[in-house]
$ cat upload_39.csv   # CSV, C-alpha atoms
chain,number,residue,atom,x,y,z
I,109,MET,CA,-46.5,-8.0,-35.2
I,110,ASP,CA,-49.0,-8.3,-38.1
I,111,GLU,CA,-47.8,-5.1,-39.7
I,112,ILE,CA,-44.1,-5.9,-39.5
I,113,LYS,CA,-44.4,-9.6,-40.2
I,114,PRO,CA,-44.3,-9.5,-44.0
I,115,PHE,CA,-41.3,-7.1,-43.9
I,116,MET,CA,-39.3,-9.3,-41.5
I,117,GLU,CA,-40.2,-12.5,-43.4
I,118,ALA,CA,-38.9,-10.8,-46.6
I,119,LEU,CA,-35.7,-9.9,-44.8
I,120,LEU,CA,-35.2,-13.4,-43.7
I,121,GLY,CA,-36.2,-14.8,-47.1
I,122,LEU,CA,-38.9,-17.0,-45.6
I,123,LYS,CA,-41.4,-18.8,-47.9
I,124,GLU,CA,-44.2,-21.1,-47.2
I,125,PRO,CA,-44.5,-23.4,-45.3
I,126,TRP,CA,-42.1,-21.4,-43.1
I,127,THR,CA,-43.5,-18.4,-41.3
I,128,LEU,CA,-42.4,-15.9,-38.6
I,129,THR,CA,-44.5,-16.5,-35.5
I,130,ARG,CA,-43.1,-13.9,-33.0
I,131,ILE,CA,-40.3,-11.5,-32.2
I,132,GLU,CA,-38.9,-11.0,-28.7
I,133,ALA,CA,-36.5,-8.2,-27.9
I,134,ASP,CA,-34.3,-7.8,-24.7
I,135,LEU,CA,-32.8,-4.4,-25.3
I,136,ASP,CA,-30.9,-4.5,-22.0
I,137,ALA,CA,-29.2,-7.8,-23.1
I,138,GLY,CA,-28.7,-6.4,-26.6
I,139,GLN,CA,-30.5,-9.3,-28.2
I,140,VAL,CA,-33.5,-9.9,-30.6
I,141,ASP,CA,-35.0,-13.4,-31.0
I,142,LEU,CA,-36.9,-14.3,-34.1
I,143,TYR,CA,-39.1,-17.4,-33.9
I,144,VAL,CA,-39.9,-19.3,-37.0
I,145,ASP,CA,-42.3,-22.3,-37.4
I,146,PHE,CA,-43.9,-24.2,-40.2
I,147,LEU,CA,-47.6,-24.2,-41.1
I,148,PRO,CA,-49.8,-27.0,-39.6
I,149,GLY,CA,-50.3,-30.0,-41.8
I,150,SER,CA,-47.1,-29.3,-43.9
I,151,ARG,CA,-45.6,-32.2,-45.7
I,152,TRP,CA,-42.0,-32.3,-46.9
I,153,PRO,CA,-39.8,-34.1,-49.5
I,154,CYS,CA,-37.4,-36.6,-48.1
I,155,PRO,CA,-33.9,-35.0,-47.7
I,156,GLU,CA,-32.3,-38.2,-48.9
I,157,CYS,CA,-34.2,-39.2,-52.0
I,158,GLY,CA,-36.6,-36.3,-52.7
I,159,LYS,CA,-39.7,-38.3,-52.3
I,160,GLU,CA,-42.6,-35.9,-52.0
I,161,SER,CA,-45.2,-35.5,-49.2
I,162,CYS,CA,-43.5,-37.2,-46.4
I,163,PRO,CA,-45.3,-36.6,-43.0
I,164,VAL,CA,-43.6,-35.0,-40.0
I,165,HIS,CA,-42.4,-37.5,-37.5
I,166,ASP,CA,-41.2,-35.1,-34.8
I,167,THR,CA,-39.3,-31.8,-34.5
I,168,VAL,CA,-35.9,-30.6,-33.2
I,169,GLU,CA,-35.4,-27.1,-31.6
I,170,ARG,CA,-32.5,-25.3,-33.3
I,171,THR,CA,-31.0,-21.8,-33.0
I,172,TRP,CA,-28.8,-19.8,-35.4
I,173,ARG,CA,-26.9,-16.6,-35.1
I,174,HIS,CA,-28.2,-14.1,-37.7
I,175,MET,CA,-26.9,-10.7,-38.9
I,176,ASN,CA,-27.5,-8.0,-36.3
I,177,LEU,CA,-30.8,-6.2,-36.3
I,178,PHE,CA,-29.5,-2.6,-36.0
I,179,GLN,CA,-27.1,-2.7,-33.0
I,180,TYR,CA,-28.6,-5.8,-31.5
I,181,LYS,CA,-27.6,-9.4,-31.9
I,182,ALA,CA,-30.2,-11.4,-33.7
I,183,TYR,CA,-31.0,-15.1,-33.4
I,184,VAL,CA,-33.4,-17.3,-35.4
I,185,HIS,CA,-35.2,-20.1,-33.5
I,186,ALA,CA,-37.1,-22.8,-35.2
I,187,ARG,CA,-38.7,-26.2,-34.8
I,188,VAL,CA,-37.0,-28.2,-37.5
I,189,PRO,CA,-39.2,-31.1,-38.7
I,190,ARG,CA,-37.9,-34.7,-39.1
I,191,VAL,CA,-39.9,-36.5,-41.7
I,192,LYS,CA,-40.6,-40.2,-42.1
I,193,CYS,CA,-39.7,-41.5,-45.5
I,194,PRO,CA,-40.9,-45.0,-46.4
I,195,ASP,CA,-37.5,-45.8,-48.0
I,196,HIS,CA,-35.1,-44.0,-45.7
I,197,GLY,CA,-36.8,-43.8,-42.4
I,198,VAL,CA,-36.6,-40.6,-40.3
I,199,ARG,CA,-34.6,-37.8,-41.8
I,200,GLN,CA,-34.2,-34.1,-40.7
I,201,VAL,CA,-35.4,-31.4,-43.2
I,202,LYS,CA,-32.8,-28.9,-44.4
I,203,VAL,CA,-33.8,-25.4,-43.5
I,204,PRO,CA,-33.4,-22.8,-46.3
I,205,TRP,CA,-31.7,-20.1,-44.2
I,206,SER,CA,-28.7,-22.2,-43.0
I,207,ARG,CA,-26.4,-25.0,-44.2
I,208,GLU,CA,-26.5,-28.3,-42.4
I,209,GLY,CA,-24.4,-28.4,-39.2
I,210,SER,CA,-23.9,-24.6,-39.0
I,211,GLY,CA,-24.9,-22.5,-36.0
I,212,PHE,CA,-25.2,-19.4,-38.3
I,213,THR,CA,-27.6,-18.3,-41.0
I,214,LEU,CA,-26.3,-18.1,-44.6
I,215,LEU,CA,-26.6,-14.3,-44.5
I,216,PHE,CA,-24.4,-14.1,-41.4
I,217,GLU,CA,-21.8,-16.4,-43.1
I,218,SER,CA,-22.0,-14.3,-46.2
I,219,LEU,CA,-21.2,-11.2,-44.1
I,220,ALA,CA,-18.4,-13.0,-42.3
I,221,MET,CA,-16.8,-14.2,-45.6
I,222,SER,CA,-17.1,-10.7,-47.1
I,223,LEU,CA,-15.3,-9.2,-44.1
I,224,VAL,CA,-12.4,-11.7,-44.0
I,225,LYS,CA,-11.5,-10.9,-47.6
I,226,PHE,CA,-10.5,-7.4,-46.5
I,227,MET,CA,-9.2,-7.8,-42.9
I,228,PRO,CA,-7.7,-10.3,-40.5
I,229,VAL,CA,-10.1,-12.9,-39.2
I,230,ARG,CA,-9.6,-11.7,-35.6
I,231,GLU,CA,-10.6,-8.2,-36.5
I,232,ALA,CA,-13.7,-9.5,-38.4
I,233,ALA,CA,-14.6,-11.5,-35.3
I,234,LEU,CA,-14.4,-8.4,-33.2
I,235,ILE,CA,-16.8,-6.6,-35.5
I,236,LEU,CA,-19.2,-9.5,-35.6
I,237,ASP,CA,-18.9,-9.9,-31.8
I,238,GLU,CA,-18.2,-13.6,-32.2
I,239,TRP,CA,-15.4,-16.0,-31.2
I,240,ASP,CA,-12.7,-16.0,-33.8
I,241,THR,CA,-12.4,-19.8,-33.8
I,242,ARG,CA,-16.1,-19.9,-34.9
I,243,ILE,CA,-15.3,-17.5,-37.8
I,244,TRP,CA,-12.3,-19.7,-38.8
I,245,ARG,CA,-14.7,-22.7,-39.0
I,246,ILE,CA,-16.9,-20.7,-41.4
I,247,VAL,CA,-13.8,-19.8,-43.5
I,248,ARG,CA,-12.6,-23.4,-43.4
I,249,HIS,CA,-15.9,-24.8,-44.7
I,250,TYR,CA,-16.2,-22.4,-47.7
I,251,VAL,CA,-12.5,-22.4,-48.6
I,252,GLU,CA,-12.2,-26.2,-48.5
I,253,ARG,CA,-15.4,-26.6,-50.5
I,254,SER,CA,-14.2,-24.2,-53.1
I,255,VAL,CA,-10.7,-25.9,-53.3
I,256,GLU,CA,-12.3,-29.3,-53.7
I,257,GLY,CA,-14.7,-28.0,-56.4
I,258,GLN,CA,-12.0,-26.7,-58.7
I,259,ASP,CA,-11.9,-27.8,-62.3
I,260,LEU,CA,-8.3,-27.8,-63.4
I,261,SER,CA,-8.8,-29.5,-66.8
I,262,GLY,CA,-7.5,-26.4,-68.6
I,263,LEU,CA,-4.4,-25.8,-66.5
I,264,THR,CA,-1.3,-25.5,-68.8
I,265,SER,CA,1.1,-23.0,-67.1
I,266,VAL,CA,2.0,-23.0,-63.5
I,267,GLY,CA,4.0,-20.7,-61.2
I,268,ILE,CA,5.6,-22.0,-58.1
I,269,ASP,CA,6.8,-20.0,-55.1
I,270,GLU,CA,7.8,-20.8,-51.5
I,271,THR,CA,7.3,-18.6,-48.5
I,272,SER,CA,8.1,-19.0,-44.8
I,273,TRP,CA,5.1,-19.2,-42.5
I,274,LYS,CA,5.6,-17.6,-39.1
I,275,ARG,CA,8.9,-18.8,-37.4
I,276,ARG,CA,11.0,-21.9,-37.0
I,277,HIS,CA,11.6,-22.3,-40.7
I,278,ARG,CA,8.2,-23.5,-41.6
I,279,TYR,CA,7.5,-23.2,-45.3
I,280,LEU,CA,4.5,-23.3,-47.7
I,281,THR,CA,4.7,-23.9,-51.4
I,282,VAL,CA,2.1,-22.1,-53.5
I,283,PHE,CA,1.1,-23.2,-57.0
I,284,MET,CA,-0.6,-20.5,-59.2
I,285,ASP,CA,-2.4,-20.8,-62.5
I,286,LEU,CA,-0.4,-18.3,-64.6
I,287,ASP,CA,-3.3,-17.8,-67.1
I,288,SER,CA,-6.0,-17.0,-64.5
I,289,LYS,CA,-3.5,-15.5,-62.0
I,290,ARG,CA,-5.0,-17.4,-59.1
I,291,VAL,CA,-3.7,-19.8,-56.4
I,292,VAL,CA,-4.9,-23.4,-57.1
I,293,PHE,CA,-2.9,-25.4,-54.6
I,294,VAL,CA,-1.0,-24.7,-51.3
I,295,THR,CA,0.9,-27.3,-49.4
I,296,PRO,CA,3.6,-27.5,-46.6
I,297,THR,CA,7.0,-27.7,-48.3
I,298,ARG,CA,8.6,-31.1,-48.3
I,299,GLN,CA,11.3,-30.9,-51.0
I,300,LYS,CA,11.1,-34.6,-52.1
I,301,ASP,CA,7.4,-34.9,-52.7
I,302,THR,CA,6.0,-31.4,-53.2
I,303,LEU,CA,5.6,-31.9,-57.0
I,304,LYS,CA,4.2,-35.4,-56.5
I,305,ARG,CA,1.5,-34.0,-54.2
I,306,PHE,CA,0.6,-31.3,-56.8
I,307,GLN,CA,0.4,-34.0,-59.5
I,308,ASP,CA,-2.0,-36.0,-57.3
I,309,PHE,CA,-4.1,-32.9,-56.6
I,310,LEU,CA,-4.2,-32.0,-60.2
I,311,LYS,CA,-5.5,-35.5,-61.2
I,312,ALA,CA,-8.1,-35.4,-58.5
I,313,HIS,CA,-9.5,-32.1,-60.0
I,314,ASN,CA,-9.9,-33.1,-63.6
I,315,GLY,CA,-6.4,-31.9,-64.5
I,316,ASN,CA,-4.0,-33.7,-66.8
I,317,PRO,CA,-0.2,-33.6,-65.8
I,318,GLY,CA,0.6,-34.2,-69.5
I,319,SER,CA,-1.2,-31.0,-70.5
I,320,VAL,CA,1.0,-28.8,-68.2
I,321,ARG,CA,3.5,-27.3,-70.6
I,322,HIS,CA,5.2,-24.6,-68.6
I,323,PHE,CA,6.5,-24.0,-65.0
I,324,SER,CA,7.9,-20.8,-63.7
I,325,CYS,CA,9.9,-21.1,-60.5
I,326,ASP,CA,13.2,-20.3,-58.8
I,327,LEU,CA,16.4,-22.2,-59.5
I,328,SER,CA,15.7,-24.8,-56.9
I,329,GLY,CA,17.1,-28.2,-57.9
I,330,ALA,CA,14.3,-29.9,-56.0
I,331,TYR,CA,11.6,-28.2,-58.1
I,332,ALA,CA,13.5,-29.0,-61.3
I,333,GLN,CA,13.8,-32.7,-60.4
I,334,GLY,CA,10.2,-32.9,-59.3
I,335,ILE,CA,9.0,-31.4,-62.6
I,336,ARG,CA,11.1,-33.8,-64.6
I,337,GLU,CA,9.8,-36.8,-62.7
I,338,HIS,CA,6.1,-35.9,-62.5
I,339,PHE,CA,5.5,-33.4,-65.5
I,340,PRO,CA,7.9,-34.8,-68.2
I,341,HIS,CA,6.2,-32.8,-71.0
I,342,ALA,CA,6.7,-29.4,-69.2
I,343,THR,CA,9.6,-26.9,-69.6
I,344,VAL,CA,10.9,-24.7,-66.7
I,345,THR,CA,11.3,-21.0,-67.0
I,346,ALA,CA,13.4,-19.2,-64.4
I,347,ASP,CA,11.4,-16.6,-62.5
I,348,ARG,CA,12.6,-13.2,-63.4
I,349,PHE,CA,12.1,-11.7,-60.0
I,350,HIS,CA,13.9,-14.5,-58.3
I,351,LEU,CA,16.8,-13.9,-60.6
I,352,VAL,CA,16.9,-10.2,-59.9
I,353,LYS,CA,16.7,-10.9,-56.2
I,354,LEU,CA,19.8,-13.2,-56.4
I,355,VAL,CA,21.7,-10.5,-58.2
I,356,ASN,CA,20.6,-7.9,-55.5
I,357,ASP,CA,21.7,-10.3,-52.8
I,358,ALA,CA,25.2,-10.6,-54.4
I,359,VAL,CA,25.4,-6.8,-54.6
I,360,ASP,CA,24.4,-6.5,-51.0
I,361,ALA,CA,27.0,-9.1,-50.0
I,362,VAL,CA,29.7,-6.9,-51.7
I,363,ARG,CA,28.4,-3.8,-49.9
I,364,ARG,CA,28.7,-5.5,-46.5
I,365,MET,CA,32.3,-6.7,-47.3
I,366,GLU,CA,33.3,-3.1,-48.1
I,367,GLN,CA,31.4,-1.6,-45.2
I,368,LYS,CA,33.7,-3.5,-42.8
I,369,GLY,CA,36.6,-1.3,-43.8
I,370,THR,CA,34.7,2.0,-44.0
I,371,GLY,CA,31.7,3.6,-42.5
I,372,GLY,CA,30.8,5.6,-45.6
I,373,LEU,CA,28.3,3.0,-46.8
I,374,LYS,CA,26.1,3.0,-43.8
I,375,ARG,CA,22.4,3.8,-44.5
I,376,THR,CA,23.0,3.6,-48.3
I,377,ARG,CA,21.8,0.1,-48.9
I,378,PHE,CA,18.6,1.1,-50.7
I,379,LEU,CA,20.6,3.3,-53.1
I,380,TRP,CA,22.6,0.3,-54.3
I,381,LEU,CA,19.7,-2.1,-54.6
I,382,LYS,CA,16.9,0.2,-55.9
I,383,ASN,CA,16.3,0.3,-59.6
I,384,ARG,CA,18.3,3.2,-60.9
I,385,GLY,CA,15.3,4.5,-62.9
I,386,ASP,CA,13.3,4.8,-59.7
I,387,LEU,CA,15.7,7.0,-57.9
I,388,ASN,CA,14.8,10.7,-57.4
I,389,GLY,CA,17.2,13.5,-58.2
I,390,ARG,CA,18.8,13.7,-54.8
I,391,GLU,CA,19.2,10.0,-54.5
I,392,ARG,CA,20.7,9.8,-58.0
I,393,ALA,CA,23.2,12.5,-57.2
I,394,HIS,CA,24.2,10.7,-53.9
I,395,LEU,CA,24.7,7.5,-55.8
I,396,GLU,CA,26.9,9.1,-58.5
I,397,VAL,CA,29.2,10.5,-55.7
I,398,LEU,CA,29.5,7.0,-54.2
I,399,LEU,CA,30.2,5.4,-57.6
I,400,GLY,CA,32.9,7.9,-58.3
I,401,HIS,CA,34.7,7.3,-55.0
I,402,PRO,CA,37.8,5.1,-55.4
I,403,ALA,CA,37.2,3.5,-52.0
I,404,TYR,CA,34.0,2.0,-53.3
I,405,ALA,CA,35.3,0.6,-56.6
I,406,ARG,CA,34.3,-3.0,-55.8
I,407,ARG,CA,30.8,-1.9,-54.9
I,408,GLY,CA,30.6,0.2,-58.0
I,409,ARG,CA,31.5,-2.9,-60.2
I,410,ALA,CA,28.8,-4.9,-58.4
I,411,HIS,CA,26.3,-2.1,-59.0
I,412,ALA,CA,27.2,-2.0,-62.7
I,413,LEU,CA,26.7,-5.8,-63.0
I,414,LYS,CA,23.3,-5.4,-61.3
I,415,GLU,CA,22.2,-2.7,-63.8
I,416,GLY,CA,23.5,-4.7,-66.7
I,417,PHE,CA,21.5,-7.8,-65.7
I,418,ARG,CA,18.4,-5.7,-65.3
I,419,ASP,CA,18.9,-4.4,-68.9
I,420,LEU,CA,18.8,-7.9,-70.3
I,421,PHE,CA,15.0,-8.1,-69.7
I,422,ALA,CA,14.3,-5.3,-72.2
I,423,MET,CA,16.1,-7.2,-75.0
I,424,ARG,CA,14.8,-9.6,-77.7
I,425,PRO,CA,15.7,-13.3,-77.3
I,426,LYS,CA,18.8,-13.4,-79.7
I,427,GLU,CA,20.1,-10.2,-78.3
I,428,ALA,CA,19.5,-11.3,-74.7
I,429,GLU,CA,21.4,-14.6,-75.3
I,430,LEU,CA,24.5,-12.8,-76.6
I,431,ASN,CA,24.4,-10.2,-73.8
I,432,LEU,CA,23.8,-12.9,-71.1
I,433,ARG,CA,26.9,-14.7,-72.3
I,434,GLN,CA,28.9,-11.4,-72.0
I,435,TRP,CA,27.4,-10.7,-68.6
I,436,LEU,CA,28.4,-14.1,-67.3
I,437,HIS,CA,32.0,-13.6,-68.5
I,438,TRP,CA,32.0,-10.1,-66.9
I,439,ALA,CA,30.7,-11.4,-63.6
I,440,SER,CA,33.1,-14.4,-63.6
I,441,HIS,CA,36.1,-12.1,-64.0
I,442,SER,CA,34.9,-9.4,-61.7
I,443,ARG,CA,37.0,-10.5,-58.7
I,444,LEU,CA,33.9,-10.1,-56.6
I,445,GLU,CA,33.4,-13.5,-54.9
I,446,PRO,CA,29.5,-13.2,-54.5
I,447,MET,CA,29.2,-12.3,-58.2
I,448,VAL,CA,31.6,-15.0,-59.3
I,449,LYS,CA,29.6,-17.6,-57.4
I,450,LEU,CA,26.4,-16.3,-58.8
I,451,ALA,CA,27.8,-16.5,-62.4
I,452,ARG,CA,28.5,-20.2,-61.9
I,453,THR,CA,24.9,-20.8,-60.8
I,454,PHE,CA,23.5,-18.8,-63.7
I,455,ARG,CA,25.7,-20.6,-66.2
I,456,GLU,CA,24.4,-23.9,-65.0
I,457,GLN,CA,20.8,-22.6,-65.4
I,458,LYS,CA,21.4,-20.7,-68.6
I,459,ALA,CA,18.7,-22.5,-70.6
I,460,THR,CA,16.0,-21.9,-68.0
I,461,ILE,CA,17.0,-18.2,-67.7
I,462,LEU,CA,17.0,-17.7,-71.5
I,463,ARG,CA,13.6,-19.4,-71.8
I,464,TRP,CA,12.0,-16.4,-70.0
I,465,PHE,CA,12.7,-14.3,-73.1
I,466,SER,CA,10.4,-16.4,-75.2
I,467,THR,CA,7.7,-17.3,-72.6
I,468,HIS,CA,7.7,-14.2,-70.3
I,469,LEU,CA,5.8,-16.4,-67.9
I,470,SER,CA,7.2,-15.0,-64.6
I,471,ASN,CA,6.6,-11.3,-65.4
I,472,GLY,CA,5.0,-9.9,-62.2
I,473,LEU,CA,4.4,-13.3,-60.6
I,474,LEU,CA,6.7,-12.9,-57.6
I,475,GLU,CA,5.6,-9.4,-56.8
I,476,GLY,CA,2.0,-10.4,-56.9
I,477,LEU,CA,2.6,-13.4,-54.8
I,478,ASN,CA,4.5,-11.4,-52.2
I,479,SER,CA,1.6,-9.1,-51.7
I,480,LEU,CA,-0.7,-12.1,-51.3
I,481,PHE,CA,1.7,-13.6,-48.8
I,482,GLN,CA,1.6,-10.5,-46.7
I,483,ALA,CA,-2.1,-10.3,-46.8
I,484,ALA,CA,-2.4,-14.0,-45.9
I,485,ARG,CA,-0.1,-13.6,-42.9
I,486,ALA,CA,-2.3,-10.7,-41.7
I,487,LYS,CA,-5.5,-12.8,-42.1
I,488,ALA,CA,-4.0,-15.5,-39.8
I,489,ARG,CA,-2.4,-13.2,-37.4
I,490,GLY,CA,-1.9,-15.0,-34.0
I,491,TYR,CA,-2.4,-18.5,-35.5
I,492,ARG,CA,0.8,-20.6,-35.9
I,493,SER,CA,-0.7,-23.7,-37.4
I,494,LEU,CA,0.2,-24.2,-41.1
I,495,ASN,CA,-3.5,-25.1,-41.7
I,496,TYR,CA,-4.5,-21.5,-40.9
I,497,GLY,CA,-1.8,-20.4,-43.3
I,498,ILE,CA,-3.1,-22.6,-46.1
I,499,LEU,CA,-6.6,-21.4,-45.6
I,500,ALA,CA,-5.5,-17.7,-45.6
I,501,PHE,CA,-3.5,-18.2,-48.9
I,502,TYR,CA,-6.5,-19.7,-50.6
I,503,LEU,CA,-8.8,-17.0,-49.2
I,504,VAL,CA,-6.7,-14.1,-50.6
I,505,GLY,CA,-5.3,-15.8,-53.8
I,506,GLY,CA,-7.9,-18.3,-54.9
I,507,ARG,CA,-10.4,-15.8,-56.2
I,508,PHE,CA,-13.2,-18.1,-55.2
I,509,GLU,CA,-16.9,-17.4,-55.6
I,510,PHE,CA,-18.4,-18.9,-52.4
I,511,GLN,CA,-22.0,-19.1,-53.7
I,512,LEU,CA,-23.5,-17.4,-50.7
I,513,PRO,CA,-26.5,-15.0,-50.7
I,514,ARG,CA,-25.7,-11.4,-50.9
I,515,PHE,CA,-26.3,-10.0,-47.4
I,516,TYR,CA,-26.9,-6.5,-48.8
I,517,ALA,CA,-29.5,-7.6,-51.4
I,518,VAL,CA,-31.8,-10.3,-50.1
I,519,THR,CA,-34.9,-9.6,-52.1
I,520,HIS,CA,-35.7,-8.3,-55.6
I,521,THR,CA,-37.9,-5.2,-55.7
I,522,LYS,CA,-38.3,-4.8,-59.5
$ encode --input "upload_39.csv" --output "C-alpha cells"
Amino acid sequence: MDEIKPFMEALLGLKEPWTLTRIEADLDAGQVDLYVDFLPGSRWPCPECGKESCPVHDTVERTWRHMNLFQYKAYVHARVPRVKCPDHGVRQVKVPWSREGSGFTLLFESLAMSLVKFMPVREAALILDEWDTRIWRIVRHYVERSVEGQDLSGLTSVGIDETSWKRRHRYLTVFMDLDSKRVVFVTPTRQKDTLKRFQDFLKAHNGNPGSVRHFSCDLSGAYAQGIREHFPHATVTADRFHLVKLVNDAVDAVRRMEQKGTGGLKRTRFLWLKNRGDLNGRERAHLEVLLGHPAYARRGRAHALKEGFRDLFAMRPKEAELNLRQWLHWASHSRLEPMVKLARTFREQKATILRWFSTHLSNGLLEGLNSLFQAARAKARGYRSLNYGILAFYLVGGRFEFQLPRFYAVTHTK
C-alpha cells in the first residue's frame, strides 16, 4: 500500500488534507474500492461564506463511481466532513473529486461526456456499464449548465430550422448563430410564440433583440410574422436549401403525375432530382435518353426549370434579379401545376429570395443542420420525450466546453 499510495493519490488528484487510506479489491465481483479520508485535526473553510478554519462537526459516508481501474469497476468512498460555521451553522464540505449531488467522480463524468459526443447515450452506457438514465442525468446537468451560461451579447445573424422529432408530428425549432455556426436555442415548435420564446431567451442571456439584423429561414408565414413582431430591426433571407428543396418537390410531383401513365420512370427519381453536375457518365447518358423521349416532355420541362433555378445561385445580384423574373414567368406558363403553384409562392416572397444574393446567409446552413439532426436522433435513440431531443441537439450542435477535467491527463509531469 505504501509503495502504490502516492501513485494512486496522483491518479485521483488528491491533495492534503485528503489522503488515500486503503484499497480493497474483489476480483470475483469485478470491483475495486478506494477509501479516502482527511487528516486528523483538519479545519475547513465554510462552503457558504468561505470563512477559514471551521472545525469539523461530524461526517457523512459517501460513495462515488469512478473510472474503471483496468477492467474493474472502481468506487471512491469517503467520510465527508460537515463543518460548523459561526455565521451559517453546519454545512457539508464540497469534495474536490465530484460535483455536489452527483454519484460519480468528475473524471467519470468527463469520460461519459466525451463518449456521448461520438455515440448514442445508450451505447455509451453499455461501455460504461451504467444505467443509461444515470448517463442522461449527467448529460442534462452539463448541457443545461452550458446553455444557461451562454453570452449572446454579440448575436446578430440567426438561422432558423424546424425538424420532426420521432413520430406523431412532434417538431423542434432550432436557432443557430450563423457567425459561430453553433446551436444557441432549441424549443418545441409552437407557431404562434416560437419567436417570442427566442426573444425572451436572448434577453435572459445578455442578448439584445434590437442587435439582431438578419434571419435566415424557410418561407413560413409564422416565422416571418414572429420576426416582424419581436425583431423589428431584422431582415429575413430565404434559406437557399429550402428553396431548392421546394423546387425538387415540385419536380418530383410532376414525375409522379407522369408515372401514372407509364412505367418508364420507375426507379429514376434520383436522376431527376440529383444535381446534374454530380451525375456520373452512365447516369448522365440515361437522363439524356429520358429527356429526349416525347412521352416525358412534361418531366423534361420540370427538370429544365429545376436546373435553371439552381443556376441562379451562381449569379451576381442584378443578374439574379433579372433571371429570377424570367424564371418566374417561365414557371408560371409551364402548364405544370406544381411549378405554377410554386411560382406564385416565390413571387410573393421575391424580396426575401433576392436578399440571399447580397447576404449569402443560408449557404450550407440546412445541410449542416440536417447532419446535426440525424446525429441528435441517434444520441436519443429509444427516447421519445422532446426533452431528450432538445438535450441531444444542444449536445451535438452547441459546441460547448463543459469545463471538466481531462480524464486522459490528470496530472502534469513536466
$ atom_distance --input "upload_39.csv" --atom1 "atom CA of Tyr180 of chain I" --atom2 "atom CA of Ala488 of chain I"
27.7 Å
$ closest_residue --input "upload_39.csv" --among "I:Val201, I:Met227, I:Ile131, I:Leu420" --to "Leu351 of chain I" --atoms "only C-alpha atoms"
I:Leu420
$ closest_residue --input "upload_39.csv" --among "I:Lys202, I:Arg363, I:Arg409, I:Arg245" --to "Met221 of chain I" --atoms "all atoms listed in the file"
I:Arg245
$ residues_around --input "upload_39.csv" --residues "Val504 of chain I" --least-positions-apart "2" --cutoff "10 Å" --atoms "all atoms listed in the file" --output "list in words"
Val224, Lys225, Phe226, Arg290, Val291, Ser479, Leu480, Phe481, Gln482, Ala483, Ala484, Lys487, Leu499, Ala500, Phe501, Tyr502, Gly506, Arg507 and Phe508 of chain I
$ atom_distance --input "upload_39.csv" --atom1 "atom CA of Gly334 of chain I" --atom2 "atom CA of Leu303 of chain I"
5.2 Å
$ residues_around --input "upload_39.csv" --residues "segment 344-349 of chain I" --least-positions-apart "6" --cutoff "10 Å" --atoms "only C-alpha atoms" --output "number ranges by chain"
I: 265-269, 321-328, 331-332, 335-336, 355, 418, 421, 457-475
$ atom_distance --input "upload_39.csv" --atom1 "atom CA of Val448 of chain I" --atom2 "atom CA of Ala358 of chain I"
9.2 Å
$ closest_residue --input "upload_39.csv" --among "I:Thr281, I:Thr129, I:Asn495, I:Ser218" --to "Glu252 of chain I" --atoms "all atoms listed in the file"
I:Asn495
$ closest_residue --input "upload_39.csv" --among "I:Leu215, I:Ala422, I:Leu494, I:Val362" --to "Ser442 of chain I" --atoms "all atoms listed in the file"
I:Val362
$ closest_residue --input "upload_39.csv" --among "I:Arg230, I:Lys289, I:Arg207, I:Lys300" --to "Trp172 of chain I" --atoms "all atoms listed in the file"
I:Arg207
